[in-house]
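File shown: structure11.cif. Contents: mmCIF, C-alpha atoms and all ligand atoms.
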```cif
data_work
loop_
_atom_site.label_atom_id
_atom_site.label_comp_id
_atom_site.auth_asym_id
_atom_site.auth_seq_id
_atom_site.Cartn_x
_atom_site.Cartn_y
_atom_site.Cartn_z
CA MET C 1 0.00 0.00 0.00
CA ILE C 2 1.25 3.44 -0.88
CA TYR C 3 0.76 6.00 1.87
CA LYS C 4 0.11 9.68 1.43
CA ILE C 5 3.14 11.69 2.55
CA ARG C 6 2.42 14.34 5.16
CA THR C 7 4.04 17.67 4.40
CA TYR C 8 5.48 20.60 6.32
CA GLY C 9 2.83 22.28 8.43
CA ASP C 10 1.00 19.04 9.24
CA PRO C 11 0.96 18.75 13.05
CA VAL C 12 1.54 14.99 12.80
CA LEU C 13 5.20 15.73 11.95
CA ARG C 14 5.63 17.55 15.27
CA THR C 15 3.67 15.12 17.45
CA GLU C 16 5.32 12.87 20.03
CA ASN C 17 6.10 9.39 18.68
CA ASN C 18 5.49 6.35 20.86
CA LEU C 19 7.80 3.39 21.33
CA VAL C 20 6.71 0.29 19.42
CA GLU C 21 5.66 -2.15 22.12
CA ASN C 22 5.01 -5.30 20.10
CA ILE C 23 6.82 -6.15 16.90
CA ASP C 24 3.94 -8.01 15.30
CA ASP C 25 2.44 -8.54 11.86
CA GLU C 26 0.74 -5.16 11.97
CA VAL C 27 4.09 -3.43 12.55
CA ARG C 28 5.75 -5.52 9.82
CA GLU C 29 2.99 -4.55 7.40
CA ILE C 30 3.48 -0.85 8.15
CA LEU C 31 7.24 -1.26 7.57
CA ASN C 32 6.62 -3.00 4.25
CA ASP C 33 4.23 -0.23 3.20
CA LEU C 34 6.79 2.39 4.24
CA VAL C 35 9.35 0.70 1.96
CA GLU C 36 6.83 0.55 -0.89
CA THR C 37 5.96 4.23 -0.42
CA MET C 38 9.62 5.30 -0.16
CA ARG C 39 10.48 3.47 -3.39
CA ASP C 40 7.42 4.83 -5.18
CA ILE C 41 8.75 8.37 -4.70
CA SER C 42 12.45 7.45 -5.01
CA GLY C 43 13.31 8.40 -1.43
CA ILE C 44 16.18 6.96 0.58
CA GLY C 45 14.37 7.06 3.89
CA LEU C 46 10.87 7.38 5.33
CA ALA C 47 9.73 7.61 8.94
CA ALA C 48 6.34 6.50 10.26
CA PRO C 49 5.20 10.02 11.35
CA GLN C 50 5.69 11.15 7.73
CA VAL C 51 2.71 9.00 6.81
CA GLY C 52 0.69 9.96 9.87
CA ILE C 53 1.71 7.08 12.14
CA ASN C 54 3.21 8.35 15.40
CA LEU C 55 5.42 5.37 16.21
CA ARG C 56 9.20 5.23 16.60
CA MET C 57 10.15 3.45 13.41
CA PHE C 58 11.50 4.19 9.96
CA VAL C 59 12.98 2.58 6.86
CA VAL C 60 16.18 3.52 5.03
CA GLU C 61 17.54 2.41 1.66
CA ALA C 62 20.83 4.28 1.29
CA GLU C 63 22.14 1.71 -1.21
CA GLU C 64 19.82 0.35 -3.85
CA GLY C 65 18.38 -2.97 -2.74
CA VAL C 66 19.66 -2.73 0.85
CA VAL C 67 16.82 -1.83 3.19
CA ARG C 68 17.06 -1.31 6.93
CA LYS C 69 13.80 -1.49 8.87
CA VAL C 70 14.42 0.30 12.13
CA ILE C 71 12.30 0.10 15.27
CA ASN C 72 12.89 2.03 18.53
CA PRO C 73 16.37 3.27 17.53
CA GLU C 74 19.02 4.66 19.89
CA PHE C 75 22.41 6.25 19.30
CA LEU C 76 25.29 4.68 21.20
CA GLU C 77 28.19 6.78 19.87
CA TYR C 78 28.84 9.62 17.44
CA SER C 79 32.07 10.42 15.62
CA SER C 80 33.53 13.77 16.67
CA LYS C 81 34.07 14.53 13.00
CA LYS C 82 31.10 16.29 11.45
CA VAL C 83 30.37 16.78 7.78
CA ASP C 84 28.23 19.25 5.89
CA HIS C 85 26.01 17.70 3.26
CA GLU C 86 22.95 18.71 1.28
CA GLU C 87 19.68 17.15 2.44
CA GLY C 88 16.11 17.10 1.33
CA CYS C 89 12.99 15.55 2.80
CA LEU C 90 9.89 14.00 1.26
CA SER C 91 7.83 16.06 3.72
CA VAL C 92 9.51 19.31 2.62
CA PRO C 93 9.41 18.91 -1.16
CA GLY C 94 11.60 21.08 -3.34
CA ILE C 95 13.93 22.36 -0.65
CA HIS C 96 17.54 21.14 -0.36
CA LYS C 97 20.00 22.64 2.10
CA LYS C 98 23.21 21.69 3.83
CA VAL C 99 23.06 20.16 7.29
CA LYS C 100 26.08 19.42 9.49
CA ARG C 101 26.03 16.01 11.15
CA PRO C 102 28.46 13.47 12.63
CA GLU C 103 30.09 11.47 9.86
CA SER C 104 29.63 8.10 11.49
CA LEU C 105 27.81 6.63 14.44
CA LYS C 106 27.00 3.51 16.34
CA VAL C 107 23.31 2.65 16.65
CA ARG C 108 21.08 0.11 18.29
CA TYR C 109 17.56 -0.80 17.24
CA PHE C 110 15.17 -3.69 16.77
CA ASN C 111 14.64 -5.17 13.32
CA GLU C 112 11.29 -6.43 12.02
CA ASN C 113 11.90 -9.85 13.62
CA GLY C 114 12.30 -8.30 17.05
CA GLU C 115 16.07 -8.92 17.11
CA THR C 116 18.40 -6.32 18.58
CA VAL C 117 20.80 -4.92 16.00
CA GLU C 118 23.94 -2.97 16.92
CA GLU C 119 26.01 -1.58 14.11
CA GLU C 120 28.27 1.20 12.93
CA LEU C 121 27.06 3.34 10.08
CA ASP C 122 28.90 5.92 8.01
CA ASP C 123 28.50 8.17 4.98
CA LEU C 124 25.01 8.17 3.51
CA TRP C 125 23.77 5.48 5.90
CA ALA C 126 24.80 7.56 8.91
CA ARG C 127 23.26 10.69 7.45
CA ALA C 128 19.98 9.08 6.45
CA PHE C 129 19.69 7.31 9.80
CA GLN C 130 20.12 10.60 11.69
CA HIS C 131 17.68 12.42 9.41
CA GLU C 132 15.02 9.74 9.96
CA TYR C 133 15.74 9.60 13.68
CA ASP C 134 15.06 13.34 13.84
CA HIS C 135 11.57 12.70 12.46
CA LEU C 136 10.89 10.51 15.51
CA GLU C 137 11.77 13.53 17.66
CA GLY C 138 9.50 15.81 15.66
CA VAL C 139 12.54 17.52 14.13
CA LEU C 140 12.90 18.38 10.43
CA PHE C 141 16.17 19.07 8.60
CA ILE C 142 15.12 22.67 7.98
CA ASP C 143 15.26 23.17 11.77
CA LYS C 144 19.00 22.46 11.55
CA ILE C 145 20.09 24.54 8.56
CA ALA C 146 22.16 27.71 8.90
CA PRO C 147 20.14 30.87 9.75
CA VAL C 148 21.05 32.52 6.45
CA ALA C 149 19.82 29.45 4.50
CA LYS C 150 16.67 29.43 6.59
CA ARG C 151 15.94 33.05 5.70
CA LEU C 152 16.20 32.15 2.03
CA VAL C 153 13.50 29.49 2.27
CA LYS C 154 11.29 31.18 4.87
CA LYS C 155 8.67 32.31 2.41
CA ARG C 156 8.49 28.97 0.61
CA LEU C 157 8.06 27.21 3.95
CA LEU C 158 5.32 29.58 4.96
CA ASN C 159 3.47 28.93 1.70
CA MET C 160 3.99 25.18 2.06
CA LYS C 161 2.53 25.30 5.55
CA LYS C 162 -0.53 27.23 4.36
CA GLU C 163 -1.07 24.76 1.50
CA THR C 164 -0.71 21.79 3.86
CA LEU C 165 -3.18 23.19 6.40
CA LYS C 166 -5.66 24.01 3.65
CA ASN C 167 -5.61 20.37 2.49
CA LEU C 168 -5.76 18.67 5.90
CO CO U 201 12.71 13.59 6.07
#
```
Using structure tokens, write down the structure that the file contains.
Ligand code: CO
Amino acid sequence: MIYKIRTYGDPVLRTENNLVENIDDEVREILNDLVETMRDISGIGLAAPQVGINLRMFVVEAEEGVVRKVINPEFLEYSSKKVDHEEGCLSVPGIHKKVKRPESLKVRYFNENGETVEEELDDLWARAFQHEYDHLEGVLFIDKIAPVAKRLVKKRLLNMKKETLKNL
């Protein structure tokens, strides 16, 4: 099933997300539908709140054909080295700006089978993981861009918000 993507201005993107308590068929179906939706719009990551589901889970496909289904993620370590890289977001269409983030990190989460996964991620995997994690905290990449970049997109964001609220 392809979900409708919620866009900037939709309160569901800023709502608290609950821990997934049971990793059951319902959760696995949502994760599969998140993957289907992400691929349908050629994204590399999609978090549950972006489709109106306020649960702490997301999917990432930073390399074609390699999907991580992530439930209740935590960060264990960050690299001190940070890198600046352009980001976009399916919920903020048309806007791409640089965001500074740790280059690599160690994470822990549950996979769709309820197994604990601990792994080190770098490059695009690290970036996408952090971007999707932010969605679980109600944070969007545009909250993290430089003030001067933010000023440049302020009007577009305002219009996007109006459009979103009109169509809710
Ligand atoms: Co996003």
request  = Kindly provide, as a ChimeraX atom specification, all nucleotide and amino acid residues lying within 9 Å of ligand CO 201 (chain U), counting all atoms listed in the file.
outcome  = /C:45-47,50,87-92,128,131-132,134-135,139-141
key: Residue neighbourhood region 51-54 of chain C, 12 Å, all atoms listed in the file, exclusion window fewer than 6 positions, as a ChimeraX atom specification   = /C:1-8,10-20,27,30-31,33-35,37-38,72,90-91,135-138,168
task = Could you tell me how far CA of Tyr109 (chain C) lies from CA of Glu29 (chain C), in Å and to one decimal?
result =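 One can read the CA of Tyr109 (chain C) to CA of Glu29 (chain C) distance as 18.0 Å.
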ask   = Please, what distance in Å, to one decimal, runs between CA of Val148 (chain C) and CA of Arg101 (chain C)?
value =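 Separation of CA of Val148 (chain C) and CA of Arg101 (chain C): 17.9 Å.
For the atom pair formed by CA of Phe129 (chain C) and CA of Val60 (chain C), the distance is 7.0 Å, given to one decimal.
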ask   = With distances taken over only C-alpha atoms, which of C:Val99, C:Ile145, C:Leu105, C:Gly114 is nearest to Ile71 (chain C)?
value =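 Closest to Ile71 (chain C) of all the choices is C:Gly114.
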note = With distances taken over only C-alpha atoms, the candidate from C:Leu158, C:Val107, C:Val153, C:Ala146 nearest Glu77 (chain C) is C:Val107
request  = Kindly indicate which residue among C:Gly43, C:Pro147, C:Pro93, C:Glu119 lies nearest to Met160 (chain C), using all atoms listed in the file for the distances.
outcome  = C:Pro93
ask   = Using only C-alpha atoms, which of the listed residues (C:Glu112, C:Glu163, C:His96, C:Trp125) sits closest to Asn32 (chain C)?
value =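 Result for the nearest residue to Asn32 (chain C): C:Glu112.
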query = So which residues are close to (38.7, 14.5, 11.4), meaning at most 12 Å away in the file's coordinates with all atoms listed in the file counted, and can you show them as an MDAnalysis selection string?
reply = chainID C and resid 79:83 102:104
query = When distances are computed from only C-alpha atoms, which of C:Tyr78, C:Asn22, C:Lys150, C:Arg56 shows the smallest separation from Asp122 (chain C)?
reply =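 With only C-alpha atoms as the atom set, the closest residue is C:Tyr78.
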